[in-house]
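**Q** Dropping a structure here in structure tokens format, bear with me for questions.
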Amino acid sequence: MNGLQIHKAGIASSVQDSGRVGTLSLGIPPSGAMDRPALMSGQHQLGHRHDEAAIEMAYADFAATLTEAHDVVVTGAPVQLRINQQACRSEGVHHIKAGQTLEVKATHEGIYSYLHLSGGIMTTPQLDSRSTSPREGIGGLDGGFLKDGDIVPLGAPDKSVCASDPQLTIKNPTTVLELRFVAGFQFDDFADEAIRSLLAEEFTVTAKANRMGVMLNGERLHSGIAALYSEATCYGAIQVPPDGNPIILLNDRQTVGGYPKPGAVISSDCLRLAQSRPGQRVRFAACSPEEADRIGWLERHYLETRLRDRH
Amino acid sequence: MDFELGPAGEAAMRLVFTGPPQPALTRALLKIETQANQRFGSTLTDSVIGYTTLTLFFSASALERDRTEAWLREQAEVIALTDDSDPEHSAADVVLPVLYHPSVAPDLEWLADDRSLSIDNVIALHSDATYFAYATGFAPGFCYLGTLPAALRTPRLDTPRAKVPAGAVAIADAQTAVYPCESPGGWRLIGACPEPLFNLGITPPARLSVGATVRFEPINEADFRALGGVIA
């Protein structure tokens, strides 16, 4: 079988594409790549016409052997790449021969890196996506994170179509990352003091961060809101549990929740947050829905420009 | 009925009725959801009903904020809670078989003791009622059912169990539910349902959906096993 034999999977590697659409009402989160531009960059460089999946690696520490020859690209958080024990530059498309071994190791920046292989990953899609939702046991390889010894099935590469690197790697600021958010949900019901702290104080990314969400630490936010009826969450929702440490909900979030939320961080800043290591300083900034629309439009336009055919 | 409208992040709109949850309110939300599907077509990618909320999710760049808000406001203003049929006293849409026995229900004896009821009383109270499905979520196929008879209402465990088996019939506050798959959980477990609640191989995958009425039917251990139930 044409496959990727995994020797070392690392702490949280999984098959991800752009995620699921329309499954929230089933209680299934969208999942999908935490860093969408990184996913698109790899698809672009390998000339993938469809939404091929990649292997997402958190703090990459990954080693695998290819049973057949494939072109390979690694995108997202910068890595050290070795092919058959030979260090090579990590950017660009690499041709790997059958039987060669690939090692991917995280550097000091970012969290999520993506391994893309020509021919694509051929796990069976569920609900129209190959993305893994580990908590629900859906998608990917047997619904879970990849393990040492797993073999990921790959498609036969068609003729090699490679494009240049569209340079979409997220560079987070060394100082403070701004999280722009659209106020909503229980914003008006939050205690004034909590809103003042949310808008004025600096927070820090904690180690309690994964595909479900990122917990921040800083001035405790006491919403003063007692019980809530469970309602839909959304990407970027700022969830404030009773301990007062806000959690920004991301791709594998629960689809409903009963904790108060003063708003939701816009998607382009969620990507940056997802790629932030513990200790990253962040600050919230309110942004109107119209401003969020404008930023979204500009970001999409930028991506389209970067990903215009340059084969 | 009073309502509020607002954004749920950059790509969703949220409608909340400010009254307490009730079946007529849920049915109003379902009605608006159906109309929204007709009105917005494929640009509306998803919708989620909570106890008192409807959240409409749009594909990126497809949300026309002002028009959508105006349309939702119009719907919310004209909708009347005319439906006064009482689901708790009508025939159930779904009947779920349940084995109520301490071998599959670690909190059943505790609950009976705590309320000075016999186990048979607890079973009768839980299975005589007809429940209404107010919301889904937490896990695929998980459905929040109400309203639990007052005599059975109980707070969640202080420390959730790391593993609740699939099929566990549970109660918390005024709600009851069946865990569709193994997961952590803080609700009290009083029975086990041998029938699957969620299966991606069938359409629709979830046995219960918002607006459904549900009743629990006590079964014995032989029936439980015959229906595929497993006693650990």
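By convention here, the chains of the structure tokens are called A, B, ... in the order presented, each chain's residues are numbered starting at 1, and ligands are numbered starting at 1 in the order presented.
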Counting only C-alpha atoms, collect the residues of chain B whose closest atom lies at most 9 Å from chain A, and write them out as a VMD selection string.

**A** chain B and resid 6 to 12 14 21 44 to 55 57 59 to 61 63 65 135 to 142 181 183 200 205 to 206 209

**Q** Set the distance at 10 Å and use only C-alpha atoms: which residues neighbour Ala28 in chain B once local chain neighbours fewer than 5 positions away are removed? I'd like the list as a count of residues only.

**A** 13

**Q** For Leu197 in chain B, please output as a PyMOL selection string all residues within 8 Å (counting only C-alpha atoms; exclusion window: fewer than 2 positions along the same chain).

**A** chain B and resi 141-142+167+178+180+195+199+206-208

**Q** Select from range 37-268 of chain A everything DSSP, run on the backbone, classes as alpha helix (DSSP H), then give the selection as an NGL selection string.

**A** :A and (37-45 or 192-200 or 267-268)

**Q** Neighbouring residues of Ala112 in chain B were defined as those with any atom within 12 Å, considering only C-alpha atoms; residues of the same chain fewer than 2 positions away were excluded. Please report them as a ChimeraX atom specification.

**A** /B:100-102,105-110,114-126,151-154,190

**Q** Once you have the residues from the selection above, write them out as a compact mmCIF listing (two decimals), in the first residue's frame, restricted to C-alpha atoms.

**A**
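Saved as selection-v9.txt:
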```txt
# COMPACT_ATOMS: atom_id res chain seq x y z
CA TYR B 100 -33.03 0.92 35.62
CA HIS B 101 -30.80 -1.24 37.79
CA PRO B 102 -27.84 -0.52 40.10
CA ALA B 105 -26.79 2.90 37.22
CA PRO B 106 -24.29 3.85 39.96
CA ASP B 107 -26.43 6.71 41.32
CA LEU B 108 -29.82 4.97 41.38
CA GLU B 109 -29.65 3.68 44.97
CA TRP B 110 -28.11 6.94 46.19
CA ASP B 114 -31.52 10.66 49.29
CA ARG B 115 -35.21 11.22 48.45
CA SER B 116 -36.56 8.51 50.75
CA LEU B 117 -38.13 6.84 47.76
CA SER B 118 -38.06 3.22 46.72
CA ILE B 119 -36.15 2.42 43.55
CA ASP B 120 -39.49 1.53 41.97
CA ASN B 121 -40.79 5.01 42.84
CA VAL B 122 -37.77 6.59 41.18
CA ILE B 123 -38.30 4.46 38.08
CA ALA B 124 -41.99 5.31 37.96
CA LEU B 125 -41.31 9.04 38.36
CA HIS B 126 -38.68 9.08 35.61
CA ALA B 151 -38.86 14.91 43.27
CA LEU B 152 -35.92 13.74 41.15
CA ARG B 153 -34.09 17.04 40.66
CA THR B 154 -30.53 16.84 41.83
CA ILE B 190 -29.91 6.26 36.93
```

**Q** Between CA of Asp173 in chain B and CA of Ala227 in chain A, measure the distance and give it in Å to one decimal.

**A** 12.0 Å

**Q** Considering only C-alpha atoms, return as an MDAnalysis selection string whatever protein or nucleic-acid residues lie within 9 Å of Gly229 in chain B, sequence-local ones (same chain, fewer than 4 positions apart) excluded.

**A** chainID B and resid 99 167 192:195 221 223:225

**Q** Any chance you could export the current selection's N, CA, C and O atoms as a PDB file, in the first residue's frame?

**A**
```
ATOM      1  N   LEU B  99     -32.957   0.145  31.071  1.00  0.00           N
ATOM      2  CA  LEU B  99     -32.781  -0.746  32.215  1.00  0.00           C
ATOM      3  C   LEU B  99     -32.410   0.127  33.406  1.00  0.00           C
ATOM      4  O   LEU B  99     -31.372   0.786  33.404  1.00  0.00           O
ATOM      5  N   GLY B 167     -24.906   5.293  26.377  1.00  0.00           N
ATOM      6  CA  GLY B 167     -26.212   4.763  26.750  1.00  0.00           C
ATOM      7  C   GLY B 167     -26.637   5.122  28.165  1.00  0.00           C
ATOM      8  O   GLY B 167     -27.782   4.874  28.537  1.00  0.00           O
ATOM      9  N   ALA B 192     -29.709   2.737  31.943  1.00  0.00           N
ATOM     10  CA  ALA B 192     -28.930   2.534  30.714  1.00  0.00           C
ATOM     11  C   ALA B 192     -29.877   2.199  29.574  1.00  0.00           C
ATOM     12  O   ALA B 192     -30.801   1.397  29.724  1.00  0.00           O
ATOM     13  N   CYS B 193     -29.631   2.849  28.436  1.00  0.00           N
ATOM     14  CA  CYS B 193     -30.447   2.626  27.240  1.00  0.00           C
ATOM     15  C   CYS B 193     -29.616   1.804  26.252  1.00  0.00           C
ATOM     16  O   CYS B 193     -28.510   2.208  25.891  1.00  0.00           O
ATOM     17  N   PRO B 194     -30.116   0.637  25.813  1.00  0.00           N
ATOM     18  CA  PRO B 194     -29.315  -0.216  24.927  1.00  0.00           C
ATOM     19  C   PRO B 194     -29.322   0.248  23.470  1.00  0.00           C
ATOM     20  O   PRO B 194     -28.537  -0.251  22.668  1.00  0.00           O
ATOM     21  N   GLU B 195     -30.215   1.180  23.113  1.00  0.00           N
ATOM     22  CA  GLU B 195     -30.297   1.594  21.708  1.00  0.00           C
ATOM     23  C   GLU B 195     -29.335   2.730  21.404  1.00  0.00           C
ATOM     24  O   GLU B 195     -29.214   3.668  22.192  1.00  0.00           O
ATOM     25  N   GLU B 221     -33.592  -7.005  32.502  1.00  0.00           N
ATOM     26  CA  GLU B 221     -32.224  -7.275  32.093  1.00  0.00           C
ATOM     27  C   GLU B 221     -32.169  -8.139  30.827  1.00  0.00           C
ATOM     28  O   GLU B 221     -31.324  -7.914  29.950  1.00  0.00           O
ATOM     29  N   ASP B 223     -34.359  -8.249  28.350  1.00  0.00           N
ATOM     30  CA  ASP B 223     -34.665  -7.391  27.199  1.00  0.00           C
ATOM     31  C   ASP B 223     -33.473  -6.487  26.869  1.00  0.00           C
ATOM     32  O   ASP B 223     -33.151  -6.251  25.707  1.00  0.00           O
ATOM     33  N   PHE B 224     -32.850  -5.971  27.931  1.00  0.00           N
ATOM     34  CA  PHE B 224     -31.695  -5.077  27.763  1.00  0.00           C
ATOM     35  C   PHE B 224     -30.602  -5.781  26.971  1.00  0.00           C
ATOM     36  O   PHE B 224     -30.065  -5.237  26.003  1.00  0.00           O
ATOM     37  N   ARG B 225     -30.318  -7.041  27.386  1.00  0.00           N
ATOM     38  CA  ARG B 225     -29.280  -7.809  26.680  1.00  0.00           C
ATOM     39  C   ARG B 225     -29.714  -8.131  25.253  1.00  0.00           C
ATOM     40  O   ARG B 225     -28.927  -8.054  24.316  1.00  0.00           O
TER      41      ARG B 225
END
```

**Q** Would you please extract all strand (DSSP E) residues from range 108-194 of chain A, as assigned by DSSP on the backbone, and give them as a list of chain:residue names?

**A**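 Residues of range 108-194 of chain A classed as strand (DSSP E): A:Tyr112, A:Ser113, A:Tyr114, A:Leu115, A:His116, A:Leu117, A:Ile151, A:Val152, A:Pro153, A:Val176, A:Leu177, A:Glu178, A:Leu179, A:Arg180, A:Phe181, A:Val182, A:Ala183.
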
**Q** Residues of the last selection are to be written out with C-alpha atoms, as an mmCIF file, in the first residue's frame.

**A**
```
data_model
loop_
_atom_site.group_PDB
_atom_site.id
_atom_site.type_symbol
_atom_site.label_atom_id
_atom_site.label_comp_id
_atom_site.auth_asym_id
_atom_site.auth_seq_id
_atom_site.Cartn_x
_atom_site.Cartn_y
_atom_site.Cartn_z
ATOM 1 C CA TYR A 112 1.187 23.982 14.391
ATOM 2 C CA SER A 113 3.135 22.755 11.352
ATOM 3 C CA TYR A 114 1.674 20.912 8.362
ATOM 4 C CA LEU A 115 3.095 18.051 6.333
ATOM 5 C CA HIS A 116 1.595 17.956 2.836
ATOM 6 C CA LEU A 117 2.165 15.034 0.480
ATOM 7 C CA ILE A 151 0.222 3.928 8.438
ATOM 8 C CA VAL A 152 -1.499 6.838 6.719
ATOM 9 C CA PRO A 153 -2.760 5.841 3.243
ATOM 10 C CA VAL A 176 1.734 42.095 22.459
ATOM 11 C CA LEU A 177 -0.659 40.298 20.123
ATOM 12 C CA GLU A 178 -3.885 42.222 19.620
ATOM 13 C CA LEU A 179 -7.066 40.150 19.716
ATOM 14 C CA ARG A 180 -9.784 42.134 18.010
ATOM 15 C CA PHE A 181 -13.252 40.958 19.043
ATOM 16 C CA VAL A 182 -16.860 41.583 18.088
ATOM 17 C CA ALA A 183 -18.886 42.277 21.231
#
```

**Q** Quick one: residues within 9 Å of Ile121 in chain A, only C-alpha atoms counted, chain neighbours fewer than 6 positions away excluded, as JSON, numbers by chain?

**A** {"A": [3, 15, 52, 53, 54, 55, 130, 152, 153, 154, 155]}

**Q** Might you pull out every residue within 8 Å of Glu4 in chain B, with only C-alpha atoms counted and same-chain residues fewer than 6 positions away left off, and present them as a ChimeraX atom specification?

**A** /B:15-18

**Q** Take the residues from that selection and put them in a file with all heavy atoms, as a short mmCIF file (atom, residue, chain, number, x, y, z; two decimals), in the first residue's frame.

**A**
```cif
data_model
loop_
_atom_site.label_atom_id
_atom_site.label_comp_id
_atom_site.auth_asym_id
_atom_site.auth_seq_id
_atom_site.Cartn_x
_atom_site.Cartn_y
_atom_site.Cartn_z
N LEU B 15 -30.29 35.23 17.88
CA LEU B 15 -31.59 35.70 18.34
C LEU B 15 -31.87 35.04 19.68
O LEU B 15 -31.75 33.82 19.80
CB LEU B 15 -32.67 35.30 17.32
CG LEU B 15 -34.13 35.39 17.78
CD1 LEU B 15 -34.55 36.85 17.98
CD2 LEU B 15 -35.06 34.72 16.76
N VAL B 16 -32.19 35.85 20.68
CA VAL B 16 -32.52 35.26 21.98
C VAL B 16 -33.87 35.80 22.45
O VAL B 16 -34.11 37.01 22.41
CB VAL B 16 -31.40 35.52 23.03
CG1 VAL B 16 -31.03 36.98 23.12
CG2 VAL B 16 -31.79 34.99 24.40
N PHE B 17 -34.76 34.89 22.82
CA PHE B 17 -36.00 35.30 23.47
C PHE B 17 -35.71 35.39 24.95
O PHE B 17 -35.07 34.50 25.53
CB PHE B 17 -37.11 34.28 23.19
CG PHE B 17 -37.66 34.38 21.79
CD1 PHE B 17 -37.50 33.34 20.89
CD2 PHE B 17 -38.33 35.52 21.38
CE1 PHE B 17 -38.00 33.43 19.60
CE2 PHE B 17 -38.84 35.62 20.08
CZ PHE B 17 -38.68 34.57 19.20
N THR B 18 -36.15 36.46 25.58
CA THR B 18 -35.71 36.70 26.94
C THR B 18 -36.56 35.99 28.00
O THR B 18 -36.26 36.08 29.18
CB THR B 18 -35.63 38.22 27.23
OG1 THR B 18 -36.80 38.84 26.69
CG2 THR B 18 -34.41 38.81 26.56
#
```

**Q** Please indicate the distance in Å from CA of Ala150 in chain B to CA of Leu111 in chain B, rounded to one decimal place.

**A** 12.9 Å
